[in-house]
Each structure stands twice: as C-alpha cells, then as structure tokens.
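Structure file my_file_30.txt (compact mmCIF, C-alpha atoms) is printed below.
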```
# COMPACT_ATOMS: atom_id res chain seq x y z
CA MET A 1 0.00 0.00 0.00
CA ALA A 2 1.40 3.38 -0.97
CA ARG A 3 2.10 5.79 1.83
CA THR A 4 0.94 9.38 1.74
CA VAL A 5 3.94 11.64 1.69
CA LYS A 6 3.53 14.86 3.61
CA GLY A 7 5.33 17.62 1.75
CA PRO A 8 6.74 21.00 2.77
CA ASP A 9 3.29 22.66 2.82
CA ALA A 10 1.98 20.22 5.44
CA ARG A 11 5.05 20.75 7.60
CA ARG A 12 4.74 24.49 7.19
CA GLU A 13 1.09 24.41 8.30
CA ARG A 14 1.96 22.27 11.34
CA TRP A 15 4.71 24.69 12.31
CA LYS A 16 2.39 27.67 11.79
CA GLY A 17 -0.22 26.05 14.04
CA HIS A 18 2.42 25.36 16.68
CA ARG A 19 3.67 28.95 16.61
CA GLU A 20 0.13 30.32 16.91
CA ALA A 21 -0.56 28.04 19.87
CA ARG A 22 2.66 29.10 21.58
CA ARG A 23 1.91 32.78 20.99
CA ALA A 24 -1.52 32.29 22.54
CA GLU A 25 0.08 30.60 25.57
CA PHE A 26 2.50 33.50 26.00
CA VAL A 27 -0.32 36.03 25.69
CA GLU A 28 -2.21 34.28 28.50
CA ALA A 29 0.99 34.20 30.56
CA THR A 30 1.37 37.95 30.01
CA ILE A 31 -2.20 38.54 31.18
CA ARG A 32 -1.51 36.50 34.33
CA ALA A 33 1.72 38.41 34.99
CA VAL A 34 -0.04 41.74 34.47
CA ALA A 35 -2.86 40.74 36.82
CA ARG A 36 -0.37 39.70 39.51
CA LEU A 37 2.35 42.32 39.15
CA GLY A 38 0.61 45.32 37.59
CA PRO A 39 0.60 47.13 34.25
CA ASP A 40 4.32 48.01 34.35
CA VAL A 41 5.35 44.36 34.25
CA GLY A 42 8.61 43.63 32.44
CA MET A 43 9.63 41.02 29.91
CA ASP A 44 11.63 39.13 32.56
CA ASP A 45 8.47 38.75 34.65
CA ILE A 46 6.45 37.62 31.64
CA ALA A 47 9.06 35.05 30.64
CA ALA A 48 9.15 33.73 34.22
CA GLU A 49 5.36 33.45 34.29
CA ALA A 50 5.47 31.53 31.00
CA GLY A 51 8.26 29.28 32.27
CA VAL A 52 10.64 30.17 29.45
CA SER A 53 13.66 32.40 28.88
CA LYS A 54 13.39 35.82 27.26
CA PRO A 55 15.06 34.60 24.04
CA VAL A 56 12.32 31.96 23.70
CA LEU A 57 9.69 34.65 24.22
CA TYR A 58 11.27 36.87 21.57
CA ARG A 59 11.34 33.92 19.20
CA HIS A 60 7.55 34.21 18.98
CA PHE A 61 7.20 38.00 19.09
CA ALA A 62 9.16 40.44 16.98
CA ASP A 63 9.48 42.92 19.87
CA LYS A 64 7.59 44.36 22.83
CA SER A 65 5.16 46.13 20.53
CA ASP A 66 4.22 42.84 18.91
CA LEU A 67 3.46 41.30 22.32
CA TYR A 68 1.52 44.42 23.37
CA LEU A 69 -0.66 44.18 20.26
CA ALA A 70 -1.33 40.47 20.80
CA VAL A 71 -2.36 41.13 24.40
CA GLY A 72 -4.53 44.05 23.30
CA GLN A 73 -6.27 41.89 20.73
CA ARG A 74 -6.94 39.25 23.38
CA GLY A 75 -8.33 42.00 25.60
CA THR A 76 -10.67 43.01 22.79
CA GLU A 77 -11.93 39.42 22.55
CA MET A 78 -12.57 39.36 26.30
CA LEU A 79 -14.42 42.67 26.11
CA MET A 80 -16.61 41.65 23.18
CA ASP A 81 -17.42 38.31 24.81
CA ARG A 82 -19.28 40.39 27.41
CA LEU A 83 -20.42 43.32 25.31
CA GLY A 84 -21.63 41.30 22.32
CA PRO A 85 -24.55 39.57 24.09
CA ALA A 86 -25.49 42.81 25.90
CA ILE A 87 -25.58 44.71 22.61
CA ALA A 88 -27.50 41.98 20.77
CA GLU A 89 -30.16 41.39 23.42
CA GLU A 90 -33.46 43.09 22.60
CA GLY A 91 -35.67 44.89 25.09
CA PRO A 92 -36.55 48.37 26.38
CA ILE A 93 -33.94 50.96 25.42
CA ARG A 94 -33.24 51.93 29.06
CA ASP A 95 -32.49 48.30 29.97
CA ARG A 96 -30.33 47.83 26.89
CA ILE A 97 -28.29 50.90 27.74
CA ARG A 98 -27.71 49.72 31.29
CA ARG A 99 -26.74 46.20 30.20
CA ILE A 100 -24.15 47.53 27.77
CA VAL A 101 -22.67 49.97 30.29
CA ASP A 102 -22.57 47.35 33.03
CA ALA A 103 -20.98 44.75 30.74
CA TYR A 104 -18.15 47.18 29.96
CA LEU A 105 -17.63 48.11 33.61
CA THR A 106 -17.69 44.43 34.62
CA VAL A 107 -14.80 43.67 32.27
CA ILE A 108 -12.59 46.47 33.59
CA GLU A 109 -13.56 45.62 37.18
CA GLU A 110 -12.52 42.00 36.70
CA ASN A 111 -9.33 42.90 34.81
CA PRO A 112 -8.15 46.26 36.19
CA ASN A 113 -4.44 45.74 35.58
CA LEU A 114 -4.99 44.40 32.08
CA TYR A 115 -7.13 47.45 31.32
CA ARG A 116 -4.40 49.76 32.62
CA PHE A 117 -1.77 47.82 30.68
CA VAL A 118 -3.62 48.19 27.39
CA VAL A 119 -5.03 51.69 27.83
CA ARG A 120 -2.44 53.49 29.95
CA GLY A 121 0.51 51.16 30.40
CA SER A 122 4.11 52.31 30.03
CA PHE A 123 5.27 48.74 29.24
CA VAL A 124 5.77 49.73 25.62
CA ASP A 125 5.28 52.73 23.39
CA ARG A 126 2.09 52.53 21.39
CA PRO A 127 2.79 51.08 17.94
CA VAL A 128 2.27 53.90 15.47
CA GLU A 129 0.68 51.72 12.81
CA LYS A 130 -1.94 50.10 15.04
CA ASP A 131 -3.97 51.38 18.00
CA VAL A 132 -5.91 48.64 19.81
CA VAL A 133 -7.74 51.10 22.06
CA TYR A 134 -8.89 53.20 19.11
CA GLU A 135 -10.10 50.09 17.30
CA ASP A 136 -12.08 49.00 20.36
CA LYS A 137 -13.76 52.39 20.56
CA GLN A 138 -14.63 52.26 16.87
CA LEU A 139 -16.11 48.77 17.21
CA ILE A 140 -18.25 49.62 20.24
CA ALA A 141 -19.37 52.97 18.79
CA SER A 142 -20.46 51.40 15.50
CA ASN A 143 -22.66 48.93 17.38
CA LEU A 144 -24.15 51.67 19.55
CA ALA A 145 -24.76 53.84 16.48
CA ARG A 146 -26.80 51.02 14.97
CA ILE A 147 -28.95 50.72 18.11
CA LEU A 148 -29.48 54.49 18.38
CA GLY A 149 -30.17 54.78 14.67
CA ASP A 150 -32.75 51.99 14.79
CA TYR A 151 -34.41 53.60 17.79
CA LEU A 152 -34.64 57.04 16.19
CA ARG A 153 -35.92 55.62 12.91
CA ALA A 154 -38.60 53.70 14.80
CA PHE A 155 -39.98 57.10 15.77
CA GLU A 156 -39.54 58.43 12.21
CA MET A 157 -36.78 60.78 13.33
CA ASP A 158 -33.54 61.77 11.62
CA SER A 159 -30.88 59.21 12.57
CA GLY A 160 -27.99 61.18 11.10
CA GLY A 161 -26.67 62.08 14.54
CA ALA A 162 -26.53 58.47 15.76
CA GLU A 163 -22.84 58.01 14.88
CA PRO A 164 -21.40 61.11 16.62
CA TRP A 165 -23.71 60.42 19.55
CA ALA A 166 -22.37 56.89 19.83
CA HIS A 167 -18.75 58.07 19.82
CA ALA A 168 -19.55 60.68 22.46
CA LEU A 169 -21.19 58.05 24.66
CA VAL A 170 -18.23 55.67 24.33
CA GLY A 171 -15.88 58.44 25.42
CA MET A 172 -18.09 59.34 28.37
CA VAL A 173 -18.37 55.77 29.64
CA GLN A 174 -14.64 55.12 29.23
CA ASN A 175 -13.68 58.30 31.09
CA ALA A 176 -16.15 57.52 33.87
CA GLY A 177 -14.75 53.99 34.03
CA ASP A 178 -11.19 55.38 34.33
CA TRP A 179 -12.25 57.59 37.23
CA TRP A 180 -14.15 54.80 38.95
CA LEU A 181 -11.35 52.26 38.58
CA ASP A 182 -9.00 54.58 40.45
CA ARG A 183 -11.47 55.89 43.03
CA GLN A 184 -13.83 52.95 43.69
CA SER A 185 -16.06 55.39 45.59
CA MET A 186 -19.25 53.62 44.56
CA SER A 187 -20.34 50.18 43.45
CA ARG A 188 -20.24 49.12 39.82
CA GLU A 189 -24.02 48.72 39.93
CA SER A 190 -24.48 52.33 41.11
CA LEU A 191 -22.19 53.71 38.42
CA SER A 192 -24.00 51.66 35.77
CA ASP A 193 -27.30 53.11 36.96
CA TYR A 194 -25.98 56.68 36.96
CA LEU A 195 -24.50 56.41 33.47
CA ALA A 196 -27.57 54.66 32.05
CA THR A 197 -29.76 57.42 33.51
CA ILE A 198 -27.62 60.16 31.96
CA ILE A 199 -27.65 58.43 28.58
CA TRP A 200 -31.37 57.72 28.67
CA HIS A 201 -32.22 61.34 29.55
CA ALA A 202 -30.11 62.51 26.62
CA VAL A 203 -32.06 60.19 24.31
CA ASP A 204 -35.36 61.21 25.93
CA GLY A 205 -34.54 64.89 25.50
CA LEU A 206 -33.89 64.38 21.80
CA LEU A 207 -37.19 62.53 21.40
CA ARG A 208 -39.13 65.19 23.28
CA SER A 209 -37.60 67.91 21.11
CA ALA A 210 -39.44 66.22 18.23
CA GLY A 211 -42.68 65.93 20.21
CA VAL A 212 -42.21 62.24 21.02
CA LYS A 213 -42.72 60.71 24.45
CA ALA A 214 -41.28 57.22 24.87
CA ASP A 215 -41.52 54.90 27.86
CA PRO A 216 -37.98 53.77 28.77
CA GLU A 217 -39.29 50.65 30.52
CA ARG A 218 -41.23 49.25 27.58
CA PRO A 219 -40.24 47.90 24.16
CA LEU A 220 -40.68 50.18 21.18
CA THR A 221 -44.27 51.30 20.72
CA PRO A 222 -45.99 53.48 18.08
CA LEU A 223 -45.37 57.21 18.21
CA ARG A 224 -46.88 59.05 21.14
CA LEU A 225 -46.83 62.83 21.14
CA VAL A 226 -45.94 64.76 24.27
CA ASP A 227 -49.04 66.07 26.02
```

With the file now loaded, output its structure as structure tokens.
Amino acid sequence: MARTVKGPDARRERWKGHREARRAEFVEATIRAVARLGPDVGMDDIAAEAGVSKPVLYRHFADKSDLYLAVGQRGTEMLMDRLGPAIAEEGPIRDRIRRIVDAYLTVIEENPNLYRFVVRGSFVDRPVEKDVVYEDKQLIASNLARILGDYLRAFEMDSGGAEPWAHALVGMVQNAGDWWLDRQSMSRESLSDYLATIIWHAVDGLLRSAGVKADPERPLTPLRLVD
C-alpha cells in the first residue's frame, strides 16, 4: 500500500499552528503576569510566568510592541465576549443601555491591571501603525450607532446624529470607568445606573424635542406625542 507523503506545505502548516498556539500561551501568561504584578510588568516577569527564557519569548514576538498588540487583541476578545450579548439582546432601550454599560464596567472591574496595561501602560510605546484602544472604541461605537439609529428611525426621526452620539457616549463611559477604577467610591451597579440614567435622559430629551414621548421601561411602541 502506498504511503501518503507529507510535503513541505503540510510541515509548514503544522509549524504555523504550533507557533500560533505558543503565541496564545504566552499572551495568556502575560495577562496573568499583568494581573499579579501590575501594568508596568517587564519582559523578565512575563518570561518567568510563562516558564521560558526571554530569548524563547522573543522567538515568537518580533518585539515588545508585537506582544503588546497580541495582548490588546486578546483583551478586545474578552471585552466583546461580554459586550456582544449585551448589545444583541433586545428589550426596552433603558435596559439595553444599562446592560451595555454594566458589561463594559464588569470587564474592567474583573481585569483592572490588564485594562491599565492596554489603555495606559508604560510597558511599551504605542505602535504607530496600530492602536488597539482606538479600534475597540470604533467597534463599540459602531454597534451603539446602529442601536441608536434603529431607535430614532422607529420614531420616524432623523438618525444622522446616531454616529457622533455613539462616539460621544463611548468616550463618556470610558472616562467615567477610568475615574471609577481609580477611586472605587461607589459600586459598579451604582455607576452603571448613573450612566444609564444620563444616557437615557439625553435620548429622551432628543425625542421630546421632536414631540415624542417614549416609555424607557417598555419595548418600542408606536409614536406618542408629548401632552
């Protein structure tokens, strides 16, 4: 019986898969080291956490920027694992707003050092050609813009402002989250309620300016004019 000969392409694919698996392991080791030692963790600490030498670590990452980007991308996955279901779930607009805000705050509460590492960390200069934080903001804002746009169109209103609104809201929630992470002067639940209330009243004010009164605790209903 003839044997199947595995050529260079098969070996190359196996090696590629091995390298990707090792990179993923080192990213998880970095996240553990950051959680334990803080956002200013060094490459020696990361290598020790991974159980390898620094040369082995650098064999899988071109430089510190490459590792930073890989960790940032993993952070994005962790964030969207929480945010995705909150964004997709239907329901009253006030509840949807609160779920999205609370999902974001939950992620930074559970991973404070990782958040600081990616957003503020001095571990490495930000790579000029790629900004993980900016990409995260764009992704979240585009999803929020869709929700706001759908909501405004349901009331036959101009949805042209949905995109700048969404970007403004993302900036507000992130800045509030930064403050809260450092101060911890209230519970996550309280901050989520405060932010959701601010956002809802902004939406409500826009609706009322067009003569529309919407119930924040109920799903979308036909237009109702303000009395």

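Near region 144-158 of chain A, within 10 Å and counting only C-alpha atoms, sit Ile87, Ala88, Glu90, Ile93, Arg96, Ile97, Ile100, Gln138, Leu139, Glu163, Pro164, Trp165, Ala166, His167, Leu169, Val170, Val203, Leu206, Leu207, Ala210, Val212, Lys213, Ala214, Leu220, Thr221, Pro222, Leu223 and Arg224 of chain A; same-chain residues fewer than 5 positions away were not included.
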
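Compared by their closest atoms to Glu135 (chain A), and using all atoms listed in the file, the residues A:Ala168, A:Leu69, A:Val101, A:Ala162 rank with A:Leu69 nearest.
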
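With CA of Thr30 (chain A) on one side and CA of Lys64 (chain A) on the other, the separation reads 11.5 Å.
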
Item to check | Straight-line distance linking CA of Glu217 (chain A) with CA of Trp200 (chain A), stated in Å to one decimal | outcome: 10.8 Å

Checklist entry - For Leu79 (chain A), which residue out of A:Leu67, A:Met172, A:Ala62, A:Leu114 is the nearest one, using only C-alpha atoms? => result A:Leu114

Item to check | Straight-line distance linking CA of Pro39 (chain A) with CA of Gly84 (chain A), stated in Å to one decimal | outcome: 25.9 Å

Kindly extract all protein, DNA and RNA residues lying within 12 Å of the coordinates (1.9, 43.7, 37.7) given in the file, considering all atoms listed in the file, and supply them as an mmCIF file with C-alpha atoms, in the frame of the given file.
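Output saved as out05.cif:
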```cif
data_model
loop_
_atom_site.group_PDB
_atom_site.id
_atom_site.type_symbol
_atom_site.label_atom_id
_atom_site.label_comp_id
_atom_site.auth_asym_id
_atom_site.auth_seq_id
_atom_site.Cartn_x
_atom_site.Cartn_y
_atom_site.Cartn_z
ATOM 1 C CA ALA A 29 0.990 34.200 30.560
ATOM 2 C CA THR A 30 1.370 37.950 30.010
ATOM 3 C CA ILE A 31 -2.200 38.540 31.180
ATOM 4 C CA ARG A 32 -1.510 36.500 34.330
ATOM 5 C CA ALA A 33 1.720 38.410 34.990
ATOM 6 C CA VAL A 34 -0.040 41.740 34.470
ATOM 7 C CA ALA A 35 -2.860 40.740 36.820
ATOM 8 C CA ARG A 36 -0.370 39.700 39.510
ATOM 9 C CA LEU A 37 2.350 42.320 39.150
ATOM 10 C CA GLY A 38 0.610 45.320 37.590
ATOM 11 C CA PRO A 39 0.600 47.130 34.250
ATOM 12 C CA ASP A 40 4.320 48.010 34.350
ATOM 13 C CA VAL A 41 5.350 44.360 34.250
ATOM 14 C CA GLY A 42 8.610 43.630 32.440
ATOM 15 C CA MET A 43 9.630 41.020 29.910
ATOM 16 C CA ASP A 44 11.630 39.130 32.560
ATOM 17 C CA ASP A 45 8.470 38.750 34.650
ATOM 18 C CA ILE A 46 6.450 37.620 31.640
ATOM 19 C CA GLU A 49 5.360 33.450 34.290
ATOM 20 C CA ASN A 111 -9.330 42.900 34.810
ATOM 21 C CA PRO A 112 -8.150 46.260 36.190
ATOM 22 C CA ASN A 113 -4.440 45.740 35.580
ATOM 23 C CA LEU A 114 -4.990 44.400 32.080
ATOM 24 C CA TYR A 115 -7.130 47.450 31.320
ATOM 25 C CA ARG A 116 -4.400 49.760 32.620
ATOM 26 C CA PHE A 117 -1.770 47.820 30.680
ATOM 27 C CA GLY A 121 0.510 51.160 30.400
ATOM 28 C CA SER A 122 4.110 52.310 30.030
ATOM 29 C CA PHE A 123 5.270 48.740 29.240
#
```
